[in-house]
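These notes are about the structure you will find just below.
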Amino acid sequence: MNELVLVLDFGGQYKELIARTVRNLSVYSLIKPGNISPEEIKKLNPKGIILTGGPDSVYLPDSPKCTPELFSLGIPILGICYGMQLMCHVLGGKVESGGKGEYGTTQVTIDEQLTMDNVQLTIGVQHFLALMSHRDCVTAPPKGFTVTMRTKNSIAAIENNAAKLYGVQFHPESAHTENGIELIRRFLYDICGTRGDYKMNDYIENETKRIREKVGKKNVLLALSGGVDSSVCAALLSKAVPEQLTCIFVDHGFMRIGEGDEIEQIFSKRSLRFIRVNSAARFLEKLKGVTEPEAKRKIIGEEFIRVFEEEAAKLGNMDFLAQGTIYPDIVESGGGNAAVIKSHHNVGGLPENLNFCGIIEPLAGLFKDEVRTIGRKLGLPLKLVTRQPFPGPGLAIRVMGEVSAKKLNILRQADAIMRQELDKLRPDRRPEQYFAVLTDTLTVGVKGDDRTYEPVIALRAVNTSDFMTCEYSRISHKILSAISYRITSEIPSVCRVVYDVTNKPPATVEWE
Ligand code: XMP
């Protein structure tokens with residue numbers, strides 16, 4: 001049994017990022033609802049507990065709360081953002097609403113009265129930048145707590161070493177907090193006393209066992225898109241239940257140039273039952289007249305399942321549907337208490353009347369980089385596991401507005417040019433994701449001596465480690481010019497190219 005740290009969810013978008021950071025530090029973590037009972041916590045016997053942030057104020061009647069007993073279980077606790085405010089509120093400190101709050105990276109300073117030696121959560125520097133995102137503020141800590149860090153406007157950290165209770169107003173799990181990971185490491189190893197006994201191989205062995213137990217002698221149908229997630233899912237399932245697995249690749253017609261054939265080539269060589277279903281016309285028909293992004297996503301998701309059901313019926317005896325859903329898909333589709341940003345194809349699009357006896361999603365607790373590690377450990381080719389992500393609904397959500405074969409054709413060419421040009425960079429210099437978008441804006445141009453009135457192509461490239469947040473890539477103007485020149489000269493119906501310079505948040509990676 002691995003040592004465990006619980007992440008209690010109070011509705012923050014970052015709960016999985018916290019859980020993943022803990023796992024990356026070799027400590028097994030599980031996410032549980034914030035109102036988990038003390039009995040259940042005792043049963044799980046965690047070495048430490050982290051309270052996540054959340055969008056609410058502790059004063060709202062229906063904001064997520066925890067049992068007050070949580071703080072007297074003798075288990076070390078780190079409250080982050082709302083988690084710190086809740087801890088203060090429950091233990092008699094003062095939390096104030098109605099201020100301006102703090103948003104973005106903010107200078108944090110270890111309180112001048114203290115030396116760094118007596119701050120347990122010290123990260124080795126007197127001043128550092130930390131990501132803040134809060135409206136309410138702790139204005140007085142509960143009895144027994146010391147204020148250890150401050151910003152210009154608020155209390156940034158509190159500690160009660162005797163009770164092993166800690167709170168930070170900033171987000172140490174964010175890449176925008178300097179040395180934030182070091183702070184979490186100190187909490188885990190120096191305060192909770194964990195030894196770091198969790199390894200990725202454990203995940204593969206545990207999941208293999210779990211899949212075998214769940215599936216028994218039944219059969220599994222896997223939705224294989226050829227992307228990283230579903231490919232790793234295929235590899236994991238073929239390790240667990242090779243004889244009972246059939247992989248179906250539904251070609252919805254929204255793939256990039258040559259991609260369908262590539263996927264067929266890779267997987268038909270592997271030892272699993274691979275079936276390709278060409279359904280392009282059917283999907284296009286369903287999207288006729290549809291322009292709203294959520295509607296597109298739902299229609300495509302549902303149609304996918306319909307095709308699977310039909311194929312399953314042809315095959316007979318298909319009991320489970322497997323999917324390569326990963327954790328960010330669930331978080332961003334409104335799993336738990338988080339707000340719905342967009343319905344990812346493999347979650348929000350699921351119809352309620354599925355004709356399978358169950359769903360298997362063995363990667364549902366993992367982030368992208370963890371999935372890649374698992375893929376490598378399962379022996380998948382490097383080229384495949386390092387592929388940049390491609391959304392389930394494919395190019396249909398990169399053609400703004402109504403999708404048509406003609407628009408898809410324009411986008412395919414622009415996308416291929418963008419990728420060809422950026423693929424010339426050394427792999428470690430490439431952005432994590434880059435693609436073209438066909439906007440529904442027409443602009444006037446001039447080609448030869450003629451006036452044109454044609455759609456704008458937008459280029460998007462982002463740097464990120466987890467796709468939950470990202471920065472737009474500072475691609476050189478030389479590369480941007482080369483892409484723009486090629487797109488406007490090689491694609492007759494495009495005369496304008498723009499580059500998207502927005503981060504996530506406030507934008508998302510995809511445009512729809
Ligand atoms: P967003 O646009 O939500 O994208 O910031 C974050 C990452 O997720 C990918 N993405 C999807 N992946 N099904 C998927 O499997 C989807 O419906 C979907 N939508 C977005 C996106 O390409 C980016 O890597």
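All residue names refer to the structure tokens as shown: chains lettered A, B, ... in order, residues numbered from 1 in each chain, ligands numbered from 1 in order.
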
(Q) Can you pull out every residue from range 67-313 of chain A that DSSP, working from the backbone, puts in helix (DSSP H, G or I), and format the result as a PyMOL selection string? (A) chain A and resi 68-72+82-90+116-118+180-191+200-215+228-240+242-244+259-269+280-286+293-313

**Q.** Test item, strand (DSSP E) assignment across range 126-282 of chain A, answer as number ranges by chain
**A.** A: 127-134, 137-140, 146-150, 155-160, 165-168, 220-223, 245-251, 273-278

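The neighbours of range 436-452 of chain A here are the residues that come within 8 Å of it, using only C-alpha atoms and leaving out any residue fewer than 4 positions away in the same chain; they are Arg398, Val399, Met400, Gly401, Lys407, Ile410, Leu411, Ala414, Asp415, Met418, Val456, Ile457, Ala458, Leu459, Arg460, Cys495, Arg496 and Trp511 of chain A.
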
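Shortest atom-to-atom contact with Ala313 in chain A among A:Leu221, A:Ile359, A:Val215, A:Leu4: A:Leu221, counting only C-alpha atoms.
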
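As for CA of Cys81 in chain A and CA of Glu16 in chain A, they are spaced 15.2 Å apart.
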
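When only C-alpha atoms and all ligand atoms are used to measure the gap to ligand 1, the shortest distance among A:Ile417, A:Val228, A:Val7, A:Leu25 belongs to A:Val228.
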
Q | Contact residues around range 258-261 of chain A with only C-alpha atoms at 10 Å, ignoring same-chain residues under 4 positions, as a PyMOL selection string | A | chain A and resi 225-226+249-254+265-266+276+278+412+416

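Comparing A:Arg256, A:Lys214, A:Lys368, A:Lys478 by their smallest distance to Leu408 in chain A, the closest is A:Arg256 (using only C-alpha atoms).
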
Q: Write out as an MDAnalysis selection string each polymer residue whose atoms come within 9 Å of range 304-309 of chain A, counting only C-alpha atoms; drop sequence neighbours fewer than 2 positions from it.
A: chainID A and resid 221:223 248 250 252 277 279 283 299:302 311:314 321 349:351 354:356

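From CA of Val27 in chain A back to CA of Ser238 in chain A, the distance works out to 27.4 Å.
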
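When the distance limit is 7 Å and only C-alpha atoms are what count, the residues near Asn35 in chain A, minus those fewer than 6 positions from it on the same chain, are Lys65, Cys66 and Thr67 of chain A.
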
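Every protein or nucleic acid residue with an atom no more than 9 Å from Val462 in chain A, counting only C-alpha atoms and leaving out same-chain residues fewer than 4 positions away, appears here: Pro431, Glu432, Gln433, Tyr434, Phe467, Cys470, Glu471, Tyr472, Ser473, Arg474, Asn503 and Val509 of chain A.
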
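Of the listed residues (A:Leu188, A:Val108, A:Val241, A:Met84), A:Met84 comes nearest to Ile158 in chain A; the distances count only C-alpha atoms.
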
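Across the model, the gap from CA of Phe10 in chain A to CA of Glu96 in chain A is 18.5 Å.
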
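With only C-alpha atoms as the atoms that count, the minimum distance from Leu8 in chain A to the choices A:Tyr59, A:Phe320, A:Phe128, A:Tyr82 is reached by A:Tyr82.
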
Q | For Lys209 in chain A, the nearest of the candidates A:Lys288, A:Lys298, A:Lys239, A:His127, counting only C-alpha atoms | A | A:Lys239
